[in-house]
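Visitor: Dropping in data30.cif, with mmCIF, C-alpha atoms and all ligand atoms.
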data_target
#
loop_
_atom_site.label_atom_id
_atom_site.label_comp_id
_atom_site.auth_asym_id
_atom_site.auth_seq_id
_atom_site.Cartn_x
_atom_site.Cartn_y
_atom_site.Cartn_z
CA MET A 1 206.78 -15.25 55.13
CA SER A 2 209.58 -12.74 54.88
CA TYR A 3 209.81 -9.83 57.25
CA GLY A 4 211.17 -7.36 54.68
CA ASP A 5 213.74 -4.75 55.72
CA PRO A 6 214.98 -5.95 59.15
CA SER A 7 215.84 -2.42 60.25
CA ARG A 8 212.07 -1.94 60.69
CA TYR A 9 212.51 -3.94 63.88
CA ILE A 10 214.42 -1.04 65.46
CA GLN A 11 212.11 1.13 67.58
CA GLN A 12 214.48 3.24 69.64
CA ILE A 13 217.85 4.85 69.03
CA TYR A 14 220.39 5.78 71.69
CA VAL A 15 223.37 7.98 71.06
CA THR A 16 226.25 8.47 73.47
CA GLU A 17 226.99 11.95 74.76
CA GLU A 18 230.29 12.18 72.85
CA CYS A 19 228.55 11.29 69.55
CA ARG A 20 225.47 13.50 69.84
CA ASP A 21 227.06 16.15 67.58
CA ASN A 22 228.69 13.65 65.25
CA ASP A 23 227.42 14.43 61.72
CA TYR A 24 226.99 10.79 60.83
CA ALA A 25 225.03 10.00 64.00
CA ARG A 26 222.74 12.97 63.30
CA GLU A 27 222.24 11.81 59.72
CA ILE A 28 221.19 8.33 60.90
CA ILE A 29 218.83 9.70 63.54
CA GLU A 30 217.21 12.03 61.02
CA ARG A 31 216.82 9.31 58.44
CA SER A 32 215.33 6.88 60.95
CA ARG A 33 212.61 9.23 62.24
CA LEU A 34 212.73 7.17 65.42
CA PRO A 35 212.77 8.49 68.98
CA PHE A 36 216.28 8.87 70.34
CA THR A 37 217.85 9.24 73.75
CA VAL A 38 221.26 10.65 74.62
CA ILE A 39 223.05 8.54 77.22
CA GLY A 40 226.39 8.86 79.03
CA ASN A 41 229.47 7.54 77.24
CA HIS A 42 229.66 4.56 79.56
CA GLU A 43 225.95 4.18 80.19
CA ARG A 44 223.95 1.23 78.83
CA PRO A 45 220.66 1.46 76.96
CA ASP A 46 217.86 0.73 79.38
CA ILE A 47 216.58 -2.68 78.32
CA PRO A 48 214.37 -4.47 80.81
CA GLY A 49 215.12 -8.04 81.89
CA ARG A 50 218.35 -9.97 82.18
CA TYR A 51 220.64 -11.31 79.47
CA PRO A 52 219.99 -13.56 77.57
CA ASP A 53 216.22 -13.39 78.19
CA ASN A 54 216.19 -9.77 77.04
CA LEU A 55 217.89 -10.51 73.71
CA THR A 56 214.66 -10.45 71.69
CA HIS A 57 213.61 -7.13 73.17
CA GLY A 58 217.15 -5.78 72.85
CA LYS A 59 216.98 -6.13 69.07
CA HIS A 60 214.51 -3.20 69.02
CA HIS A 61 217.30 -0.90 70.26
CA LEU A 62 220.15 0.63 68.29
CA LEU A 63 223.07 2.35 70.02
CA LEU A 64 225.15 4.82 68.00
CA SER A 65 228.53 5.05 69.67
CA ARG A 66 232.25 5.46 69.24
CA TYR A 67 234.34 2.30 68.87
CA ARG A 68 237.57 2.47 70.81
CA GLY A 69 238.94 -0.92 69.77
CA GLN A 70 240.63 -2.04 66.58
CA PHE A 71 238.18 -1.91 63.65
CA PHE A 72 240.24 -4.09 61.35
CA LYS A 73 241.80 -7.41 62.35
CA PRO A 74 242.19 -11.02 61.27
CA CYS A 75 239.17 -13.31 61.65
CA PRO A 76 239.43 -15.16 64.98
CA ALA A 77 239.92 -18.59 63.40
CA THR A 78 241.57 -21.55 65.12
CA ARG A 79 244.85 -23.13 64.11
CA GLU A 80 243.43 -26.66 64.19
CA TYR A 81 241.32 -26.20 61.04
CA THR A 82 242.05 -24.84 57.58
CA CYS A 83 241.16 -21.17 57.69
CA CYS A 84 240.81 -18.68 54.83
CA ASP A 85 242.79 -15.70 56.24
CA TYR A 86 239.84 -13.39 56.19
CA GLN A 87 240.05 -9.89 57.66
CA VAL A 88 237.19 -8.62 59.77
CA LEU A 89 236.07 -5.00 59.61
CA ASN A 90 233.98 -4.35 62.69
CA ILE A 91 231.27 -1.84 61.75
CA GLY A 92 228.89 -2.77 64.57
CA MET A 93 227.63 -5.53 66.79
CA GLY A 94 224.36 -7.43 66.92
CA CYS A 95 221.63 -7.90 64.34
CA PRO A 96 217.88 -7.22 64.04
CA MET A 97 217.30 -10.66 62.52
CA ASP A 98 217.23 -13.66 64.84
CA CYS A 99 218.66 -16.98 63.67
CA VAL A 100 218.30 -19.78 66.20
CA TYR A 101 221.90 -20.87 65.65
CA CYS A 102 223.38 -17.35 65.72
CA ILE A 103 226.69 -17.45 67.58
CA LEU A 104 226.31 -13.79 68.56
CA GLN A 105 223.81 -14.84 71.24
CA ALA A 106 226.71 -16.41 73.11
CA TYR A 107 229.55 -14.09 71.96
CA LEU A 108 228.06 -10.72 72.80
CA ASN A 109 226.67 -10.06 76.22
CA ASN A 110 224.76 -6.93 75.23
CA PRO A 111 221.17 -7.34 74.11
CA TRP A 112 221.13 -4.15 72.01
CA ILE A 113 222.58 -3.53 68.54
CA SER A 114 225.52 -1.16 68.12
CA PHE A 115 226.67 0.81 65.12
CA PHE A 116 229.95 2.72 65.31
CA VAL A 117 229.79 6.26 63.96
CA ASN A 118 233.49 7.20 64.18
CA VAL A 119 233.91 5.89 60.66
CA GLU A 120 236.82 8.26 59.93
CA ASP A 121 238.87 6.15 62.37
CA LEU A 122 237.79 2.99 60.54
CA PHE A 123 238.96 4.31 57.18
CA LYS A 124 242.19 5.59 58.73
CA GLU A 125 242.90 2.09 60.01
CA LEU A 126 242.28 0.61 56.58
CA ASP A 127 244.58 3.20 54.97
CA GLN A 128 247.31 2.28 57.43
CA ALA A 129 246.90 -1.47 56.97
CA PHE A 130 247.09 -1.13 53.18
CA ALA A 131 250.10 1.22 53.37
CA VAL A 132 252.06 -1.01 55.75
CA ASN A 133 251.38 -4.17 53.72
CA PRO A 134 251.37 -3.06 50.07
CA GLU A 135 252.03 -6.58 48.77
CA THR A 136 249.34 -8.31 50.82
CA PHE A 137 246.01 -9.10 49.22
CA PHE A 138 243.17 -8.50 51.70
CA ARG A 139 239.77 -10.21 51.67
CA ILE A 140 237.66 -8.17 54.03
CA GLY A 141 234.23 -8.82 55.50
CA THR A 142 231.92 -6.78 57.72
CA GLY A 143 229.60 -9.67 58.57
CA GLU A 144 231.41 -11.22 61.53
CA PHE A 145 229.64 -9.51 64.44
CA THR A 146 226.63 -8.20 62.56
CA ASP A 147 224.89 -8.63 59.20
CA SER A 148 226.55 -6.46 56.53
CA LEU A 149 223.34 -4.99 55.09
CA ALA A 150 220.53 -5.49 57.63
CA LEU A 151 220.72 -1.90 58.90
CA ASP A 152 221.88 -0.30 55.68
CA SER A 153 218.66 1.59 55.02
CA LEU A 154 219.19 3.33 58.38
CA THR A 155 222.97 3.72 58.38
CA GLY A 156 223.57 4.20 54.64
CA PHE A 157 227.08 2.85 55.24
CA SER A 158 227.52 0.51 52.28
CA PRO A 159 228.09 3.32 49.71
CA HIS A 160 230.92 4.71 51.88
CA LEU A 161 232.59 1.31 51.96
CA VAL A 162 232.03 0.50 48.29
CA ASN A 163 233.36 3.90 47.20
CA TYR A 164 236.39 3.55 49.46
CA MET A 165 237.20 0.09 48.08
CA ARG A 166 236.71 1.02 44.42
CA ASP A 167 240.37 1.68 43.61
CA LYS A 168 241.98 -0.74 46.10
CA LYS A 169 243.73 -3.15 43.78
CA HIS A 170 245.00 -5.31 46.64
CA ALA A 171 241.73 -5.91 48.41
CA VAL A 172 238.13 -7.00 48.03
CA LEU A 173 235.25 -6.36 50.38
CA GLU A 174 232.55 -8.95 50.93
CA LEU A 175 229.16 -7.70 52.12
CA LYS A 176 227.41 -10.74 53.55
CA SER A 177 223.71 -10.79 54.38
CA LYS A 178 220.49 -12.68 54.91
CA SER A 179 218.49 -9.57 54.11
CA VAL A 180 217.82 -8.03 50.71
CA VAL A 181 218.58 -4.42 51.56
CA ILE A 182 220.54 -3.68 48.40
CA LYS A 183 219.06 -0.37 47.29
CA ASN A 184 222.14 1.62 48.38
CA LEU A 185 224.37 -0.53 46.14
CA GLU A 186 222.64 0.59 42.95
CA GLY A 187 224.52 2.88 40.63
CA LEU A 188 227.81 2.87 42.57
CA GLU A 189 231.16 2.80 40.80
CA HIS A 190 232.40 -0.29 42.67
CA GLY A 191 235.36 -1.08 40.43
CA GLY A 192 234.79 -4.80 41.01
CA ARG A 193 236.27 -4.48 44.52
CA THR A 194 233.04 -5.33 46.37
CA LEU A 195 231.36 -8.72 46.35
CA VAL A 196 227.84 -9.19 47.62
CA ALA A 197 227.22 -12.47 49.41
CA TRP A 198 224.28 -14.37 50.83
CA SER A 199 224.04 -17.23 53.27
CA LEU A 200 221.79 -19.97 51.94
CA ASN A 201 220.29 -23.02 53.54
CA SER A 202 217.79 -25.78 53.00
CA PRO A 203 214.26 -24.23 52.69
CA PRO A 204 212.86 -25.63 55.98
CA ILE A 205 215.89 -24.29 57.87
CA MET A 206 215.50 -20.84 56.33
CA GLU A 207 211.79 -20.82 57.14
CA ARG A 208 211.95 -22.22 60.67
CA GLU A 209 215.31 -21.20 62.08
CA GLU A 210 216.12 -17.83 60.47
CA ILE A 211 213.66 -15.33 61.88
CA ARG A 212 213.13 -12.01 60.10
CA THR A 213 215.42 -12.97 57.22
CA ALA A 214 214.58 -12.80 53.51
CA SER A 215 213.19 -15.89 51.76
CA LEU A 216 215.30 -17.94 49.37
CA GLU A 217 213.57 -16.41 46.35
CA GLN A 218 214.12 -12.89 47.67
CA ARG A 219 217.81 -13.55 48.38
CA LEU A 220 218.34 -14.96 44.90
CA ALA A 221 216.43 -12.12 43.23
CA ALA A 222 218.58 -9.61 45.14
CA ALA A 223 221.74 -11.46 44.13
CA ALA A 224 220.64 -11.50 40.47
CA GLN A 225 220.02 -7.76 40.68
CA CYS A 226 223.50 -7.17 42.14
CA ALA A 227 224.98 -9.28 39.35
CA GLU A 228 223.19 -7.01 36.85
CA TRP A 229 224.79 -4.03 38.56
CA GLY A 230 228.15 -5.65 37.87
CA TYR A 231 228.94 -6.99 41.33
CA ARG A 232 230.51 -10.39 41.75
CA LEU A 233 228.72 -12.68 44.16
CA ALA A 234 229.45 -15.25 46.84
CA PHE A 235 227.28 -17.75 48.68
CA HIS A 236 227.70 -19.51 52.00
CA PHE A 237 226.01 -22.77 52.92
CA ASP A 238 226.64 -22.27 56.59
CA PRO A 239 225.53 -23.71 58.92
CA ILE A 240 224.59 -26.93 57.17
CA ILE A 241 222.11 -28.57 59.53
CA TRP A 242 221.04 -32.19 59.74
CA HIS A 243 217.21 -32.34 59.53
CA ASP A 244 214.51 -34.54 58.03
CA GLY A 245 214.74 -34.26 54.24
CA TRP A 246 218.10 -32.42 54.35
CA GLN A 247 219.24 -34.13 51.14
CA GLU A 248 216.36 -32.83 49.04
CA GLY A 249 216.39 -29.50 50.87
CA TYR A 250 220.00 -28.66 50.05
CA ARG A 251 219.73 -30.07 46.53
CA SER A 252 216.69 -27.91 45.77
CA THR A 253 218.39 -24.74 47.06
CA ILE A 254 221.46 -25.41 44.90
CA ARG A 255 219.38 -26.08 41.80
CA ARG A 256 217.35 -22.94 42.34
CA LEU A 257 220.53 -20.93 42.91
CA PHE A 258 221.87 -21.85 39.49
CA GLU A 259 218.50 -21.36 37.78
CA VAL A 260 218.51 -17.73 38.92
CA ILE A 261 222.19 -16.74 39.10
CA PRO A 262 224.71 -16.83 36.23
CA ALA A 263 227.38 -19.28 37.43
CA ASP A 264 230.27 -17.15 36.17
CA ARG A 265 229.33 -14.27 38.50
CA ILE A 266 230.06 -16.35 41.60
CA ALA A 267 233.55 -15.89 43.05
CA TRP A 268 233.27 -18.40 45.89
CA ILE A 269 230.92 -20.73 47.73
CA SER A 270 231.68 -21.93 51.24
CA LEU A 271 230.41 -24.99 53.08
CA GLY A 272 230.34 -25.25 56.84
CA ALA A 273 228.44 -27.73 58.99
CA LEU A 274 226.81 -26.52 62.20
CA ARG A 275 229.30 -25.83 65.01
CA TYR A 276 228.61 -23.95 68.18
CA LEU A 277 229.97 -22.93 71.55
CA PRO A 278 228.48 -25.17 74.24
CA SER A 279 227.00 -22.10 75.96
CA LEU A 280 224.94 -21.36 72.83
CA LYS A 281 222.87 -24.51 73.20
CA ALA A 282 221.52 -23.41 76.58
CA ILE A 283 220.81 -19.85 75.42
CA ALA A 284 219.18 -20.78 72.09
CA GLY A 285 217.42 -23.78 73.62
CA LYS A 286 215.69 -21.48 76.07
CA ARG A 287 214.87 -18.76 73.54
CA PHE A 288 213.64 -21.15 70.84
CA PRO A 289 212.19 -24.22 72.58
CA GLN A 290 210.53 -25.40 69.35
CA SER A 291 213.92 -25.90 67.63
CA THR A 292 215.31 -29.40 67.88
CA PHE A 293 218.53 -29.43 65.86
CA PHE A 294 220.74 -28.84 68.91
CA TYR A 295 219.62 -32.22 70.28
CA GLU A 296 221.39 -34.37 67.69
CA GLU A 297 224.65 -36.08 68.69
CA PHE A 298 227.74 -33.88 68.62
CA ILE A 299 231.41 -34.22 69.46
CA ASP A 300 233.74 -31.62 70.95
CA GLY A 301 235.86 -30.20 68.14
CA LEU A 302 239.51 -29.22 68.53
CA ASP A 303 238.38 -25.60 68.78
CA GLY A 304 236.12 -26.35 71.77
CA LYS A 305 232.99 -26.06 69.63
CA SER A 306 230.45 -28.84 69.29
CA ARG A 307 230.21 -30.32 65.79
CA TYR A 308 228.65 -33.34 64.06
CA PHE A 309 230.69 -36.54 63.84
CA ARG A 310 233.13 -36.49 60.95
CA THR A 311 231.29 -39.24 59.05
CA GLN A 312 228.10 -37.24 59.25
CA ARG A 313 229.79 -34.02 58.15
CA VAL A 314 231.46 -35.78 55.23
CA GLU A 315 228.12 -37.31 54.17
CA MET A 316 226.48 -33.89 54.10
CA TYR A 317 229.42 -32.16 52.43
CA LYS A 318 229.65 -34.81 49.73
CA LEU A 319 226.04 -34.36 48.76
CA LEU A 320 226.38 -30.59 48.54
CA ALA A 321 229.76 -30.71 46.79
CA ASP A 322 228.49 -33.21 44.19
CA GLU A 323 225.44 -31.10 43.47
CA LEU A 324 227.51 -27.91 43.25
CA ALA A 325 230.01 -29.59 40.93
CA ARG A 326 227.22 -30.01 38.37
CA PHE A 327 226.70 -26.27 38.03
CA THR A 328 229.65 -24.19 39.21
CA ALA A 329 231.87 -22.30 36.78
CA PRO A 330 235.52 -23.42 36.60
CA ASP A 331 236.79 -20.26 38.34
CA THR A 332 234.43 -20.45 41.31
CA CYS A 333 236.22 -21.53 44.48
CA VAL A 334 234.21 -24.03 46.53
CA TYR A 335 235.76 -24.42 49.97
CA PHE A 336 235.19 -25.42 53.56
CA CYS A 337 235.03 -22.96 56.40
CA MET A 338 237.02 -24.41 59.31
CA GLU A 339 237.47 -28.05 58.36
CA SER A 340 240.37 -30.45 58.69
CA GLU A 341 242.62 -31.57 55.83
CA THR A 342 241.14 -35.06 56.27
CA VAL A 343 237.67 -33.78 55.45
CA TRP A 344 238.97 -31.85 52.43
CA GLN A 345 240.64 -35.00 51.17
CA GLU A 346 237.60 -37.22 51.76
CA VAL A 347 235.15 -34.86 50.06
CA PHE A 348 237.15 -33.16 47.28
CA GLY A 349 239.97 -35.67 46.82
CA TYR A 350 242.56 -32.94 47.52
CA THR A 351 243.47 -30.59 50.35
CA ALA A 352 243.71 -26.82 50.28
CA HIS A 353 247.44 -27.29 50.76
CA ASP A 354 247.59 -29.24 47.45
CA LYS A 355 246.15 -26.16 45.70
CA GLY A 356 248.63 -23.72 47.21
CA GLY A 357 246.58 -23.01 50.35
CA LEU A 358 243.05 -21.78 50.87
CA ARG A 359 244.15 -18.19 50.98
CA ASN A 360 245.71 -18.56 47.55
CA MET A 361 242.64 -20.36 46.14
CA LEU A 362 240.32 -17.56 47.23
CA ASP A 363 242.65 -14.75 46.23
CA GLN A 364 242.95 -16.24 42.74
CA SER A 365 239.18 -16.33 42.31
CA VAL A 366 238.89 -12.54 42.71
CA ARG A 367 242.22 -11.17 41.51
S1 LIG B 401 221.58 -12.92 60.13
FE1 LIG B 401 223.61 -13.52 60.90
S2 LIG B 401 224.07 -12.03 62.51
FE2 LIG B 401 221.87 -11.89 62.11
S3 LIG B 401 220.92 -13.27 63.60
FE3 LIG B 401 221.26 -14.45 61.72
S4 LIG B 401 223.26 -15.46 61.99
FE4 LIG B 401 223.10 -13.78 63.52
#
Any chance you could give the structure as structure tokens?
Guide:
Amino acid sequence: MSYGDPSRYIQQIYVTEECRDNDYAREIIERSRLPFTVIGNHERPDIPGRYPDNLTHGKHHLLLSRYRGQFFKPCPATREYTCCDYQVLNIGMGCPMDCVYCILQAYLNNPWISFFVNVEDLFKELDQAFAVNPETFFRIGTGEFTDSLALDSLTGFSPHLVNYMRDKKHAVLELKSKSVVIKNLEGLEHGGRTLVAWSLNSPPIMEREEIRTASLEQRLAAAAQCAEWGYRLAFHFDPIIWHDGWQEGYRSTIRRLFEVIPADRIAWISLGALRYLPSLKAIAGKRFPQSTFFYEEFIDGLDGKSRYFRTQRVEMYKLLADELARFTAPDTCVYFCMESETVWQEVFGYTAHDKGGLRNMLDQSVR
């Protein structure tokens, strides 16, 4: 059963004193028709209980505030694995959906969701980054610390981003989601500079471990609709999780994907096996005692995260890569998120380095 628009989970809005007269904050509050409370600039929304036990309750609460940090920066990847040189645009933190494996449970120590309303500063930062590096091609994503579209019916932010990106010849924006809140993307002049992306998984994982997300069929229908509106698409099989029947599960998702989506609309597809900070296991284990996938055997990766043994990862990757190879268009880039050159070689028979580097492979697929 799908939950529908995840922003329905929000029950209370907070706005900081300094943002109470911000036009954008007022627009969001009006649109939401939810009760709102003004709090001090350094005050915290009043959420009962202690972190992380109050995480579930915290997801009912949205804080509209000013972000004082850097909106736009490189993805915090690790040197030990092949990374894709992604740039993160930080529009907010937290998410109304609740995936058992979500790394944000361990990364963020606030139970509430934040959305940053000083968007003029965000666009100023982008302007500066593009001006200072006119030759650099930027692949930008907003889905690092939140879901790109889950709150879009409240915030209405995607049209601002899509319109801004429209004429940026040296950049593409990827809006990545597990929701199907795409209404605001309709009818926009996107100039091909925005891709819409969905995370996919084996059906039992989506049903059991991704709470309040859209079903596979809904995600694919939304993707097909975006393709009709002229957007290019991307898909992420991440995290790939070892479970009973995983082979048939992942095969069936891939087959269904290509039954619904025209292969030539897909710019890239990533593969990433489950990896997690050790602290996540304790937090998620307590919040979701019925989930068992954290209790497989794992090793400590070079980045300090727990991951499956290499043989196990390669076995899973090979099955997915073989199935994908049957359907993908020649220009679609299939790649690993944070894997070693050894794994690339074992699964694909080449490394990213052989193809001019992962950054180059991905840039070519959207240029
Ligand atoms: S959709 Fe993404 S951000 Fe939201 S809970 Fe799931 S993994 Fe976390």
Visitor: May I have the residues at most 6 Å from (237.9, -30.3, 61.4) in the file's coordinates, counting all atoms listed in the file, as a list in words?
Guide: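 Here is the list of nearby residues: Tyr81, Glu339 and Ser340 of chain A.
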Visitor: Which residue, A:Phe298, A:Tyr231, A:Phe116, A:Tyr107, has the smallest gap to ligand LIG 401 (chain B) when you use all atoms listed in the file?
Guide: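 Closest to ligand LIG 401 (chain B) of all the choices is A:Tyr107.
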Visitor: Of the candidates A:Arg31, A:Asp5, A:Glu144, A:Arg26, which shows the shortest atom-to-atom distance to ligand LIG 401 (chain B), using all atoms listed in the file?
Guide: A:Glu144
Visitor: Could you give me, as a list in words, the residues that sit within 10 Å of (221.8, -15.0, 65.2) in the file's coordinates, counting all atoms listed in the file?
Guide: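 Collected hits near the coordinates: Gly94, Cys95, Pro96, Met97, Asp98, Cys99, Val100, Tyr101, Cys102, Ile103, Leu104, Gln105, Ala106, Phe145, Thr146, Asp147, Glu209, Glu210, Ile211 and Ala284 of chain A.
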Visitor: Taking C-alpha atoms for each residue, export the selection above as a short mmCIF file (atom, residue, chain, number, x, y, z; two decimals), in the coordinates of the input.
Guide:
data_model
loop_
_atom_site.label_atom_id
_atom_site.label_comp_id
_atom_site.auth_asym_id
_atom_site.auth_seq_id
_atom_site.Cartn_x
_atom_site.Cartn_y
_atom_site.Cartn_z
CA GLY A 94 224.36 -7.43 66.92
CA CYS A 95 221.63 -7.90 64.34
CA PRO A 96 217.88 -7.22 64.04
CA MET A 97 217.30 -10.66 62.52
CA ASP A 98 217.23 -13.66 64.84
CA CYS A 99 218.66 -16.98 63.67
CA VAL A 100 218.30 -19.78 66.20
CA TYR A 101 221.90 -20.87 65.65
CA CYS A 102 223.38 -17.35 65.72
CA ILE A 103 226.69 -17.45 67.58
CA LEU A 104 226.31 -13.79 68.56
CA GLN A 105 223.81 -14.84 71.24
CA ALA A 106 226.71 -16.41 73.11
CA PHE A 145 229.64 -9.51 64.44
CA THR A 146 226.63 -8.20 62.56
CA ASP A 147 224.89 -8.63 59.20
CA GLU A 209 215.31 -21.20 62.08
CA GLU A 210 216.12 -17.83 60.47
CA ILE A 211 213.66 -15.33 61.88
CA ALA A 284 219.18 -20.78 72.09
#
Visitor: From the set A:Arg367, A:Arg66, A:Lys355, A:Arg212, which residue has the shortest atom-to-atom contact distance to ligand LIG 401 (chain B), counting only C-alpha atoms and all ligand atoms?
Guide: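 Among the listed residues, A:Arg212 lies closest to ligand LIG 401 (chain B).
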Visitor: Would you please work out which residue, of A:Cys226, A:Leu257, A:Ile140, A:Met361, is nearest to Val180 of chain A when using only C-alpha atoms?
Guide: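 Once distances to Val180 of chain A are computed over only C-alpha atoms, the minimum belongs to A:Cys226.
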Visitor: Quick one: 3 Å padding each side, axis-aligned, all listed atoms of segment 35-53 of chain A - centre and edge lengths in Å to one decimal, as lines of an AutoDock Vina configuration file?
Guide:
center_x = 221.2
center_y = -1.5
center_z = 75.6
size_x = 22.9
size_y = 30.2
size_z = 19.2
Visitor: Taking only C-alpha atoms and all ligand atoms into account, name the residue in A:Gly92, A:Gly156, A:Gly191, A:Gly304 that is nearest to ligand LIG 401 (chain B).
Guide: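 So, comparing all the options, the nearest one is A:Gly92.
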Visitor: So the first atom is atom CA of Asp244 of chain A and the second is atom CA of Met206 of chain A; what is the distance between them in Å, to one decimal place?
Guide: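 Taking atom CA of Asp244 of chain A and atom CA of Met206 of chain A, their separation equals 13.8 Å.
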